[in-house]
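Text of work_4.txt (compact mmCIF, C-alpha atoms) as supplied:
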```txt
# COMPACT_ATOMS: atom_id res chain seq x y z
CA MET E 11 8.49 -27.34 -6.03
CA SER E 12 12.02 -27.34 -4.62
CA THR E 13 12.72 -29.14 -1.36
CA ASP E 14 15.33 -26.56 -0.37
CA SER E 15 14.56 -24.61 2.78
CA ASP E 16 14.23 -20.83 2.79
CA HIS E 17 17.67 -20.66 4.33
CA ASP E 18 19.08 -22.66 1.42
CA LEU E 19 17.39 -20.43 -1.11
CA LEU E 20 18.39 -17.11 0.44
CA PRO E 21 22.12 -17.17 -0.43
CA ARG E 22 21.22 -18.10 -4.00
CA CYS E 23 18.71 -15.25 -4.17
CA ARG E 24 21.35 -12.86 -2.94
CA ARG E 25 23.67 -14.01 -5.71
CA GLY E 26 20.96 -13.23 -8.26
CA ASP E 27 19.65 -16.73 -8.90
CA GLU E 28 16.25 -16.09 -10.51
CA ALA E 29 14.96 -19.63 -10.07
CA ALA E 30 15.67 -19.51 -6.33
CA TRP E 31 13.94 -16.15 -6.05
CA ARG E 32 10.85 -17.35 -7.91
CA GLU E 33 10.68 -20.38 -5.65
CA LEU E 34 10.93 -18.20 -2.54
CA VAL E 35 8.19 -15.88 -3.80
CA SER E 36 5.98 -18.77 -4.70
CA ARG E 37 6.21 -20.11 -1.14
CA HIS E 38 5.22 -16.88 0.55
CA THR E 39 2.79 -15.29 -1.92
CA ARG E 40 -0.36 -16.72 -0.42
CA ARG E 41 0.26 -15.48 3.10
CA ILE E 42 1.48 -12.07 1.96
CA PHE E 43 -1.57 -11.72 -0.26
CA ALA E 44 -3.89 -12.69 2.62
CA LEU E 45 -2.30 -10.04 4.82
CA ALA E 46 -2.47 -7.43 2.06
CA TYR E 47 -6.11 -8.26 1.47
CA ARG E 48 -6.93 -7.65 5.13
CA PHE E 49 -5.59 -4.15 4.84
CA ALA E 50 -6.69 -3.28 1.33
CA GLY E 51 -10.11 -4.91 1.40
CA ARG E 52 -9.97 -5.43 -2.37
CA GLY E 53 -8.35 -8.10 -4.48
CA ASP E 54 -6.71 -5.89 -7.11
CA GLU E 55 -5.19 -3.59 -4.53
CA ALA E 56 -4.00 -6.55 -2.48
CA GLU E 57 -2.24 -7.91 -5.57
CA ASP E 58 -0.48 -4.60 -6.09
CA LEU E 59 0.52 -4.54 -2.44
CA THR E 60 1.81 -8.09 -2.62
CA GLN E 61 4.01 -7.24 -5.58
CA GLU E 62 5.33 -4.14 -3.84
CA VAL E 63 6.19 -6.19 -0.77
CA PHE E 64 8.25 -8.61 -2.84
CA VAL E 65 10.04 -5.74 -4.56
CA LYS E 66 10.92 -4.41 -1.13
CA VAL E 67 11.96 -7.83 0.14
CA TYR E 68 14.20 -8.39 -2.87
CA GLN E 69 15.83 -5.03 -2.41
CA THR E 70 16.46 -5.62 1.28
CA LEU E 71 17.37 -9.30 1.33
CA ASP E 72 20.84 -8.43 2.55
CA ARG E 73 19.37 -6.93 5.72
CA TYR E 74 17.88 -10.19 6.87
CA ARG E 75 20.10 -12.04 9.33
CA GLU E 76 19.44 -15.71 9.85
CA GLY E 77 20.29 -15.46 13.52
CA GLU E 78 17.55 -12.90 14.21
CA GLY E 79 14.58 -15.19 13.64
CA SER E 80 12.89 -17.08 10.86
CA PHE E 81 12.69 -15.72 7.35
CA ASN E 82 8.95 -16.17 7.49
CA ALA E 83 8.67 -13.88 10.52
CA TRP E 84 10.92 -11.32 8.84
CA ILE E 85 9.03 -11.26 5.55
CA MET E 86 5.70 -10.99 7.36
CA ALA E 87 7.02 -8.05 9.37
CA VAL E 88 8.17 -6.37 6.16
CA ALA E 89 4.76 -7.01 4.61
CA ARG E 90 2.91 -5.76 7.66
CA ASN E 91 4.91 -2.56 7.85
CA HIS E 92 4.45 -1.96 4.14
CA ALA E 93 0.71 -2.60 4.37
CA ILE E 94 0.38 -0.19 7.28
CA ASP E 95 2.36 2.49 5.42
CA HIS E 96 0.26 1.94 2.34
CA TYR E 97 -2.92 2.14 4.35
CA ARG E 98 -1.87 5.40 5.93
CA ARG E 99 -0.94 6.86 2.56
CA ARG E 100 -4.23 5.92 0.99
CA ARG E 101 -6.33 7.25 3.89
CA MET E 102 -9.78 6.09 4.61
CA ASP E 103 -11.69 7.77 1.79
CA ALA E 104 -10.41 5.43 -0.86
CA LEU E 105 -10.58 2.38 1.35
CA ARG E 106 -14.16 3.00 2.34
CA LYS E 107 -15.02 2.21 -1.26
CA ALA E 108 -13.66 -1.27 -0.80
CA GLU E 109 -15.42 -3.81 -2.89
CA GLU E 110 -17.69 -6.39 -1.38
CA PRO E 111 -15.40 -9.38 -1.24
CA GLU E 112 -16.50 -12.24 -3.42
CA VAL E 113 -15.25 -14.67 -0.81
CA LEU E 114 -18.19 -13.68 1.39
CA ASP E 115 -20.58 -15.08 -1.18
CA ARG E 116 -19.04 -18.49 -0.73
CA LEU E 117 -19.61 -18.58 2.99
CA ALA E 118 -21.94 -21.16 4.37
CA SER E 119 -25.18 -19.65 5.59
CA ASP E 120 -26.92 -22.54 7.25
CA ASP E 121 -25.60 -22.35 10.82
CA ALA E 122 -28.76 -20.69 12.00
CA GLY E 123 -28.25 -21.76 15.58
CA ALA E 124 -25.34 -19.42 16.00
CA LEU E 125 -26.76 -16.50 14.15
CA HIS E 126 -28.98 -14.78 16.70
CA GLY E 127 -31.29 -13.50 14.00
CA LEU E 128 -28.70 -12.86 11.34
CA GLN E 129 -27.36 -15.22 8.72
CA ALA E 130 -23.64 -15.90 9.12
CA GLN E 131 -22.92 -14.53 5.67
CA GLU E 132 -24.66 -11.28 6.43
CA ARG E 133 -22.96 -11.00 9.78
CA VAL E 134 -19.51 -11.40 8.26
CA ARG E 135 -20.42 -8.98 5.50
CA LEU E 136 -21.60 -6.45 8.06
CA VAL E 137 -18.45 -6.84 10.12
CA HIS E 138 -16.31 -6.51 6.99
CA ARG E 139 -18.11 -3.32 5.98
CA GLY E 140 -17.83 -1.98 9.49
CA LEU E 141 -14.14 -2.75 9.56
CA GLN E 142 -13.61 -0.83 6.33
CA ALA E 143 -15.38 2.16 7.82
CA LEU E 144 -13.44 2.27 11.08
CA PRO E 145 -10.92 5.07 11.50
CA GLU E 146 -7.33 4.06 10.91
CA GLU E 147 -6.35 4.23 14.57
CA LEU E 148 -8.92 1.55 15.42
CA ARG E 149 -8.81 -0.49 12.26
CA VAL E 150 -5.10 -1.21 12.04
CA PRO E 151 -4.71 -2.62 15.58
CA LEU E 152 -7.89 -4.65 15.08
CA ILE E 153 -6.60 -6.18 11.85
CA LEU E 154 -3.29 -7.00 13.46
CA CYS E 155 -4.98 -8.56 16.49
CA ASP E 156 -8.08 -10.37 15.27
CA LEU E 157 -7.23 -11.03 11.63
CA GLN E 158 -3.48 -11.50 11.87
CA GLY E 159 -3.40 -12.98 15.35
CA LEU E 160 -0.53 -10.85 16.62
CA PRO E 161 -0.12 -10.56 20.41
CA TYR E 162 -0.70 -7.14 21.95
CA GLY E 163 2.99 -6.61 22.65
CA GLU E 164 3.96 -7.14 19.02
CA ILE E 165 1.21 -4.80 17.85
CA ALA E 166 2.48 -2.13 20.25
CA GLN E 167 5.97 -2.61 18.85
CA THR E 168 4.83 -2.54 15.23
CA LEU E 169 2.74 0.60 15.65
CA ALA E 170 5.10 2.23 18.15
CA ILE E 171 2.32 2.97 20.61
CA PRO E 172 1.94 1.97 24.28
CA LEU E 173 0.49 -1.42 25.14
CA GLY E 174 -2.43 0.17 27.01
CA THR E 175 -3.30 2.23 23.95
CA VAL E 176 -3.28 -0.89 21.79
CA LYS E 177 -5.68 -2.69 24.11
CA SER E 178 -7.94 0.31 24.38
CA ARG E 179 -8.09 0.80 20.61
CA ILE E 180 -8.81 -2.85 19.95
CA ASN E 181 -11.63 -2.79 22.49
CA ARG E 182 -13.05 0.40 20.98
CA GLY E 183 -12.86 -1.03 17.46
CA ARG E 184 -14.64 -4.19 18.50
CA LEU E 185 -17.30 -2.20 20.35
CA GLU E 186 -17.96 -0.07 17.27
CA LEU E 187 -18.53 -3.19 15.22
CA ALA E 188 -20.60 -4.84 17.94
CA LYS E 189 -22.90 -1.83 18.12
CA ARG E 190 -23.37 -1.95 14.36
CA LEU E 191 -24.24 -5.61 14.63
CA MET E 192 -26.71 -4.93 17.43
CA GLY E 193 -28.35 -2.18 15.40
CA ARG E 194 -28.75 -4.53 12.45
CA ARG E 195 -30.17 -7.23 14.66
CA ALA E 196 -32.72 -4.79 16.02
CA GLU E 197 -33.78 -3.90 12.46
CA TYR E 198 -33.99 -7.57 11.59
CA ALA E 199 -36.11 -8.32 14.65
CA GLN E 200 -38.57 -5.56 13.68
CA ILE E 201 -38.94 -6.98 10.18
CA ARG E 202 -39.72 -10.42 11.58
CA MET X 26 -19.96 -0.26 37.95
CA ASP X 27 -21.60 1.83 35.22
CA CYS X 28 -22.10 0.90 31.57
CA ARG X 29 -19.20 3.04 30.36
CA ARG X 30 -16.75 1.25 32.63
CA ALA X 31 -18.26 -2.10 31.71
CA GLU X 32 -17.68 -1.40 28.01
CA GLU X 33 -14.02 -0.71 28.68
CA LEU X 34 -13.62 -4.16 30.21
CA LEU X 35 -15.58 -6.25 27.74
CA SER X 36 -12.64 -7.30 25.55
CA ASP X 37 -10.63 -8.37 28.59
CA HIS X 38 -13.63 -10.35 29.78
CA LEU X 39 -14.04 -11.93 26.37
CA GLU X 40 -10.40 -12.98 26.28
CA GLY X 41 -10.50 -14.28 29.84
CA THR X 42 -7.83 -11.91 31.07
CA LEU X 43 -10.08 -10.08 33.51
CA GLN X 44 -9.56 -11.35 37.05
CA GLY X 45 -10.52 -10.76 40.66
CA VAL X 46 -12.72 -7.91 41.79
CA LEU X 47 -13.00 -6.33 38.35
CA ARG X 48 -14.30 -9.53 36.86
CA ALA X 49 -16.80 -10.00 39.66
CA ASP X 50 -17.98 -6.40 39.35
CA LEU X 51 -18.37 -6.68 35.59
CA GLU X 52 -20.29 -9.94 35.82
CA ALA X 53 -22.58 -8.45 38.45
CA HIS X 54 -23.20 -5.52 36.11
CA LEU X 55 -23.86 -7.82 33.15
CA ALA X 56 -26.36 -9.81 35.20
CA ALA X 57 -28.34 -6.64 35.84
CA CYS X 58 -27.89 -4.79 32.53
CA GLY X 59 -29.52 -6.17 29.40
CA ALA X 60 -27.85 -3.62 27.11
CA CYS X 61 -24.34 -4.53 28.22
CA THR X 62 -25.17 -8.23 28.06
CA GLY X 63 -26.32 -7.79 24.46
CA LEU X 64 -23.16 -5.83 23.68
CA ARG X 65 -20.96 -8.52 25.23
CA GLU X 66 -22.71 -11.13 23.11
CA ALA X 67 -22.34 -9.04 19.94
CA LEU X 68 -18.68 -8.45 20.78
CA GLY X 69 -18.11 -12.19 20.86
CA ASP X 70 -19.81 -12.54 17.48
CA VAL X 71 -17.67 -9.74 16.03
CA VAL X 72 -14.44 -11.33 17.17
CA ALA X 73 -15.59 -14.70 15.84
CA ALA X 74 -16.48 -13.10 12.50
CA LEU X 75 -13.13 -11.34 12.30
CA ARG X 76 -11.13 -14.40 13.18
CA GLY X 77 -13.12 -16.56 10.81
CA PHE X 78 -12.98 -14.08 7.98
CA PRO X 79 -12.41 -16.04 4.78
CA THR X 80 -9.06 -15.72 3.09
CA PRO X 81 -9.35 -15.22 -0.64
CA GLU X 82 -7.09 -17.11 -3.01
CA PRO X 83 -4.60 -15.00 -4.94
CA ALA X 84 -4.57 -15.16 -8.73
CA ARG X 85 -2.61 -18.16 -10.00
CA ASP X 86 0.02 -16.06 -11.71
CA LEU X 87 0.49 -13.58 -8.86
CA ALA X 88 3.66 -15.23 -7.56
CA GLU X 89 5.15 -15.19 -11.04
CA ARG X 90 4.24 -11.53 -11.56
CA ALA X 91 5.52 -10.54 -8.12
CA ALA X 92 8.84 -12.33 -8.65
CA SER X 93 9.27 -10.81 -12.09
CA ARG X 94 8.45 -7.33 -10.91
CA ALA X 95 11.07 -7.53 -8.17
CA LEU X 96 13.65 -8.84 -10.62
CA ALA X 97 12.82 -6.14 -13.14
CA GLY X 98 12.95 -3.40 -10.55
CA THR X 99 16.31 -4.35 -9.07
CA ARG X 100 19.56 -5.07 -10.85
CA ARG X 101 20.93 -7.67 -8.47
CA VAL X 102 23.00 -9.26 -11.26
CA ALA X 103 25.28 -6.68 -12.82
CA GLY X 104 25.02 -6.36 -16.56
CA ARG X 105 21.87 -8.42 -16.95
CA PRO X 106 19.81 -6.88 -19.75
CA SER X 107 16.40 -5.62 -18.83
CA ASP X 108 13.72 -7.92 -20.12
CA PRO X 109 10.63 -5.95 -21.14
CA SER X 110 8.44 -8.98 -20.45
CA LEU X 111 9.45 -8.79 -16.80
CA ARG X 112 8.09 -5.32 -16.34
CA PRO X 113 4.93 -5.11 -14.27
CA ALA X 114 1.63 -5.00 -16.03
CA PRO X 115 -0.04 -1.60 -15.85
CA HIS X 116 -3.15 -3.11 -14.20
CA GLY X 117 -5.43 -1.06 -16.37
CA ARG X 118 -4.13 2.26 -15.17
CA ILE X 119 -4.57 5.05 -17.68
CA PHE X 120 -1.53 6.78 -19.09
CA VAL X 121 -1.88 10.52 -18.75
CA PRO X 122 0.34 12.71 -20.97
CA ALA X 123 2.81 14.95 -19.18
CA TRP X 124 1.21 18.16 -20.46
CA ILE X 125 -2.16 17.16 -18.96
CA GLN X 126 -0.45 16.35 -15.67
CA ALA X 127 1.28 19.73 -15.79
CA ALA X 128 -1.97 21.58 -16.49
CA ALA X 129 -3.77 19.65 -13.76
CA ALA X 130 -0.97 20.33 -11.28
CA GLY X 131 -0.97 24.05 -12.06
CA PHE X 132 -4.75 24.22 -11.80
CA ALA X 133 -4.70 22.31 -8.53
CA LEU X 134 -2.10 24.68 -7.14
CA VAL X 135 -4.21 27.71 -7.99
CA ILE X 136 -7.34 26.12 -6.48
CA ALA X 137 -5.38 25.09 -3.40
CA GLY X 138 -4.06 28.59 -3.01
CA THR X 139 -7.54 30.08 -3.33
CA LEU X 140 -8.97 27.64 -0.81
CA LEU X 141 -6.17 28.47 1.53
CA LEU X 142 -6.96 32.16 1.20
CA VAL X 143 -10.59 31.56 2.12
CA ASN X 144 -10.22 28.75 4.64
CA GLY X 145 -6.60 29.08 5.59
CA PRO X 146 -5.18 28.01 8.91
CA ALA X 147 -6.29 31.22 10.60
CA GLY X 148 -8.83 32.48 8.06
CA PRO X 149 -7.95 35.20 5.55
CA SER X 150 -4.74 36.74 6.70
CA ARG X 151 -1.77 38.57 5.31
CA ALA X 152 0.27 35.42 5.70
CA ALA X 153 -2.27 33.36 3.76
CA THR X 154 -2.46 36.01 1.03
CA ARG X 155 1.27 35.90 0.60
CA LEU X 156 1.22 32.13 0.47
CA VAL X 157 -1.42 32.24 -2.28
CA ASP X 158 0.80 34.61 -4.23
CA ARG X 159 3.75 32.29 -3.83
CA THR X 160 1.68 29.23 -4.67
CA VAL X 161 0.29 30.72 -7.89
CA HIS X 162 3.73 31.90 -8.87
CA ALA X 163 5.15 28.47 -8.18
CA GLY X 164 2.32 26.94 -10.24
CA ASN X 165 3.20 29.14 -13.21
CA TYR X 166 6.83 28.22 -12.88
CA LEU X 167 5.91 24.58 -12.72
CA LEU X 168 3.96 24.81 -15.95
CA ALA X 169 6.97 26.40 -17.65
CA ARG X 170 9.27 23.59 -16.48
CA SER X 171 7.33 20.45 -17.20
CA ASP X 172 10.59 18.53 -17.68
CA ARG X 173 11.05 18.51 -13.94
CA LEU X 174 7.40 18.23 -13.27
CA VAL X 175 7.29 15.17 -11.06
CA GLU X 176 9.87 16.40 -8.62
CA ASP X 177 8.37 19.88 -8.52
CA VAL X 178 4.87 18.57 -7.90
CA ARG X 179 6.13 16.44 -5.06
CA VAL X 180 7.99 19.32 -3.41
CA LEU X 181 5.14 21.77 -3.84
CA GLY X 182 2.70 19.19 -2.58
CA VAL X 183 4.72 19.02 0.62
CA VAL X 184 4.69 22.82 0.87
CA ILE X 185 0.94 23.05 0.43
CA THR X 186 0.25 20.18 2.80
CA THR X 187 2.43 21.81 5.41
CA ALA X 188 0.57 25.09 4.97
CA PHE X 189 -2.83 23.45 5.22
CA GLU X 190 -1.79 21.73 8.40
CA GLY X 191 -1.24 25.16 9.86
CA ARG X 192 2.51 24.75 10.28
CA LEU X 193 3.33 28.05 8.61
CA ASP X 194 6.66 28.27 10.35
CA ARG X 195 7.73 25.12 8.53
CA VAL X 196 6.64 26.41 5.13
CA ASN X 197 9.74 28.60 5.16
CA ASP X 198 11.97 25.60 5.60
CA ARG X 199 10.24 23.75 2.78
CA MET X 200 10.55 26.73 0.44
CA ASP X 201 14.22 27.15 1.36
CA ASP X 202 14.77 23.51 0.46
CA TYR X 203 13.02 24.11 -2.83
CA ARG X 204 15.13 27.20 -3.55
CA ARG X 205 18.32 25.31 -2.88
CA ARG X 206 17.12 22.53 -5.15
CA LEU X 207 16.45 25.03 -7.95
CA GLN X 208 19.81 26.68 -7.50
CA ARG X 209 21.54 23.33 -7.77
CA ARG X 210 19.74 22.67 -11.02
CA ARG X 211 20.57 25.99 -12.63
CA THR X 212 23.54 26.30 -14.92
CA PRO X 213 24.67 29.44 -16.81
CA GLU X 214 23.72 27.70 -20.05
CA GLU X 215 20.19 27.12 -18.81
CA ASP X 216 19.75 30.73 -17.81
CA ALA X 217 21.08 31.90 -21.17
CA LYS X 218 18.71 29.57 -22.99
CA LYS X 219 15.78 30.87 -20.97
CA ARG X 220 16.67 34.46 -21.78
CA GLU X 221 16.84 33.60 -25.49
CA SER X 222 13.48 31.83 -25.42
CA GLY X 223 11.80 34.79 -23.79
CA LEU X 224 10.57 32.77 -20.83
CA PRO X 225 11.34 34.19 -17.43
CA ALA X 226 14.48 32.71 -15.96
CA PRO X 227 13.86 30.91 -12.71
CA SER X 228 14.37 33.70 -10.29
CA VAL X 229 15.10 33.49 -6.63
CA ARG X 230 11.69 35.08 -6.10
CA SER X 231 9.99 32.04 -7.55
CA ALA X 232 11.17 30.02 -4.61
CA GLU X 233 11.44 32.77 -2.10
CA GLY X 234 10.67 31.86 1.45
CA PHE X 235 7.30 32.44 2.98
CA ARG X 236 7.99 34.70 5.91
CA THR X 237 6.11 34.36 9.13
CA ALA X 238 6.59 36.45 12.16
CA ARG X 239 9.14 35.04 14.55
CA HIS X 240 9.64 35.95 18.13
CA GLY X 241 11.34 39.31 18.24
CA ASP X 242 10.38 40.29 14.68
CA THR X 243 8.78 43.65 14.23
```
Output the file's structure in the form of structure tokens.
Amino acid sequence: MSTDSDHDLLPRCRRGDEAAWRELVSRHTRRIFALAYRFAGRGDEAEDLTQEVFVKVYQTLDRYREGEGSFNAWIMAVARNHAIDHYRRRRMDALRKAEEPEVLDRLASDDAGALHGLQAQERVRLVHRGLQALPEELRVPLILCDLQGLPYGEIAQTLAIPLGTVKSRINRGRLELAKRLMGRRAEYAQIR
Amino acid sequence: MDCRRAEELLSDHLEGTLQGVLRADLEAHLAACGACTGLREALGDVVAALRGFPTPEPARDLAERAASRALAGTRRVAGRPSDPSLRPAPHGRIFVPAWIQAAAAGFALVIAGTLLLVNGPAGPSRAATRLVDRTVHAGNYLLARSDRLVEDVRVLGVVITTAFEGRLDRVNDRMDDYRRRLQRRRTPEEDAKKRESGLPAPSVRSAEGFRTARHGDT
């Protein structure tokens, strides 16, 4: 791996240096894929999204200005906006069919003390399913907040909605998922 | 404080941003309400689950494929020959011949028009009937001009979507755009060729506007 910084690689990418471009992509693929996966909920679709993001980044490299923030922040903003657009295009019907992520199967399931009647693996699976089923207006802010860790202000800016609306939607999204979890716990308690 | 109000404040409480009287009121409510206490607890578990959601590893060759796809899709270096190996893999998508796409598009247009007639924005109406007529006509035209299929499907998709959303006033604008697009495409040679082949030449009627009553119309 090259020791050049992103800022060293960028001018070379702009001049059409393939090796520099491949190096830049290699550095950012993992994070872009993780973000895409949050939105898509499926590995194959997240891979497609990741590739589309890099196509877009390559086409718009000239728009990035070093003085306006880090390249990492810029590329993540491009990826986020693309993922949101993609999500809105696809609508919920297709996304509701999201596959059960294999990563959930690898979760540890022995922290019984924190489970309150549900195994951790099942709880995460339930939350994941619930997240897939949320309407777009609740799901997108929730992903940006709790999965991407964006502050409320940045979410409001990204989605072009008021700060109060962002907070309200995030709370509503969480409540929807919490009620699902409570319902499942009640079923579990009856079985026991 | 009632349960509805308490629910509104739970995220703020969870994040520690709730202060003063509101916080005291909410905590008093939680102390007395088992349902809201359970919800608050579940909310904490949800946020923990979301924040601790595992991140899957991308395929090993994803970076290579992504870089190649961007390079193949953009000619940043003038004159560089296109390398077929750099083109993106089809990801198992099925290639559908153009004639099947054309038939499917025409069929979809007819079905869409019929549905619109039955369940249109304001139920069966003269306006909806006329739109069906235009839609079917446009579908037939589309089938006859499969060479420009993709663009036509896209434009007509916009028209139909606009109609289904009940914005009939905007359908006119969309159809006017479409008519202008067709007129730009037409050349005297094309019209002559159409006449020789016996197919109907693309007439203005095929892209005629869909008229809705405007203020002051009679």
If you count all atoms listed in the file, the residue of E:Thr70, E:Ser15, E:Asn181, E:Gln131 closest to chain X turns out to be E:Asn181
Taking into account only C-alpha atoms, which residue in the set E:Arg182, E:Asp18, E:Asp95, E:Thr13 is nearest to chain X?
E:Arg182
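Residue nearest chain E, chosen from X:Arg94, X:Arg30, X:His38, X:Arg48 and counting only C-alpha atoms: X:Arg94.
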Can you check which residues of chain E have any atom within 8 Å of chain X? Use all atoms listed in the file and format it as a VMD selection string.
chain E and resid 24 to 26 28 31 to 32 35 to 36 39 to 40 43 to 44 47 53 57 60 to 62 64 to 66 68 to 69 113 to 114 117 133 to 134 137 to 138 156 to 157 178 181 to 182 184 to 185 187 to 189 191 to 192
Requested write-out: C-alpha atoms of the selected residues, as a PDB file, in the frame of the given file:
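Result file follows (part20.pdb):
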```pdb
ATOM      1  CA  ARG E  24      21.350 -12.860  -2.940  1.00  0.00           C
ATOM      2  CA  ARG E  25      23.670 -14.010  -5.710  1.00  0.00           C
ATOM      3  CA  GLY E  26      20.960 -13.230  -8.260  1.00  0.00           C
ATOM      4  CA  GLU E  28      16.250 -16.090 -10.510  1.00  0.00           C
ATOM      5  CA  TRP E  31      13.940 -16.150  -6.050  1.00  0.00           C
ATOM      6  CA  ARG E  32      10.850 -17.350  -7.910  1.00  0.00           C
ATOM      7  CA  VAL E  35       8.190 -15.880  -3.800  1.00  0.00           C
ATOM      8  CA  SER E  36       5.980 -18.770  -4.700  1.00  0.00           C
ATOM      9  CA  THR E  39       2.790 -15.290  -1.920  1.00  0.00           C
ATOM     10  CA  ARG E  40      -0.360 -16.720  -0.420  1.00  0.00           C
ATOM     11  CA  PHE E  43      -1.570 -11.720  -0.260  1.00  0.00           C
ATOM     12  CA  ALA E  44      -3.890 -12.690   2.620  1.00  0.00           C
ATOM     13  CA  TYR E  47      -6.110  -8.260   1.470  1.00  0.00           C
ATOM     14  CA  GLY E  53      -8.350  -8.100  -4.480  1.00  0.00           C
ATOM     15  CA  GLU E  57      -2.240  -7.910  -5.570  1.00  0.00           C
ATOM     16  CA  THR E  60       1.810  -8.090  -2.620  1.00  0.00           C
ATOM     17  CA  GLN E  61       4.010  -7.240  -5.580  1.00  0.00           C
ATOM     18  CA  GLU E  62       5.330  -4.140  -3.840  1.00  0.00           C
ATOM     19  CA  PHE E  64       8.250  -8.610  -2.840  1.00  0.00           C
ATOM     20  CA  VAL E  65      10.040  -5.740  -4.560  1.00  0.00           C
ATOM     21  CA  LYS E  66      10.920  -4.410  -1.130  1.00  0.00           C
ATOM     22  CA  TYR E  68      14.200  -8.390  -2.870  1.00  0.00           C
ATOM     23  CA  GLN E  69      15.830  -5.030  -2.410  1.00  0.00           C
ATOM     24  CA  VAL E 113     -15.250 -14.670  -0.810  1.00  0.00           C
ATOM     25  CA  LEU E 114     -18.190 -13.680   1.390  1.00  0.00           C
ATOM     26  CA  LEU E 117     -19.610 -18.580   2.990  1.00  0.00           C
ATOM     27  CA  ARG E 133     -22.960 -11.000   9.780  1.00  0.00           C
ATOM     28  CA  VAL E 134     -19.510 -11.400   8.260  1.00  0.00           C
ATOM     29  CA  VAL E 137     -18.450  -6.840  10.120  1.00  0.00           C
ATOM     30  CA  HIS E 138     -16.310  -6.510   6.990  1.00  0.00           C
ATOM     31  CA  ASP E 156      -8.080 -10.370  15.270  1.00  0.00           C
ATOM     32  CA  LEU E 157      -7.230 -11.030  11.630  1.00  0.00           C
ATOM     33  CA  SER E 178      -7.940   0.310  24.380  1.00  0.00           C
ATOM     34  CA  ASN E 181     -11.630  -2.790  22.490  1.00  0.00           C
ATOM     35  CA  ARG E 182     -13.050   0.400  20.980  1.00  0.00           C
ATOM     36  CA  ARG E 184     -14.640  -4.190  18.500  1.00  0.00           C
ATOM     37  CA  LEU E 185     -17.300  -2.200  20.350  1.00  0.00           C
ATOM     38  CA  LEU E 187     -18.530  -3.190  15.220  1.00  0.00           C
ATOM     39  CA  ALA E 188     -20.600  -4.840  17.940  1.00  0.00           C
ATOM     40  CA  LYS E 189     -22.900  -1.830  18.120  1.00  0.00           C
ATOM     41  CA  LEU E 191     -24.240  -5.610  14.630  1.00  0.00           C
ATOM     42  CA  MET E 192     -26.710  -4.930  17.430  1.00  0.00           C
TER      43      MET E 192
END
```
Long-range neighbours of E:Pro21 as a PyMOL selection string, 10 Å cut-off, only C-alpha atoms, 5 positions minimum in chain:
chain E and resi 16+26-27+30-31+71-72
With all atoms listed in the file as the basis for distance, which of E:Ala130, E:Val67, E:Ile42, E:Leu144 is at the shortest distance from E:Gly183?
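Distance minimum relative to E:Gly183 lands on E:Leu144.
Atom to atom, atom CA of E:Ala56 and atom CA of E:Leu141 stand 16.2 Å apart.
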So that I can see what lies close to stretch 163-165 of chain E, please list as a ChimeraX atom specification the residues with an atom at most 9 Å from it, counting all atoms listed in the file and leaving out residues fewer than 5 positions away in the same chain.
/E:151,154-155,170-173,176
In Å, rounded to a single decimal, give me how far atom CA of X:Glu40 is from atom CA of X:Met26.
19.7 Å
What is the distance, in Å and to one decimal place, between atom CA of E:Arg194 and atom CA of E:Arg135?
11.7 Å
With all atoms listed in the file as the atoms that count, which of E:Val88, E:Arg73, E:Arg190, E:Ile180 lies nearest to E:Ala46?
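Nearest candidate to E:Ala46 out of E:Val88, E:Arg73, E:Arg190, E:Ile180: E:Val88.
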8 Å per side around stretch 39-54 of chain E: axis-aligned box centre and edge lengths, as JSON:
```
{"center_x": -3.7, "center_y": -10.0, "center_z": -1.0, "size_x": 28.9, "size_y": 29.4, "size_z": 28.2}
```
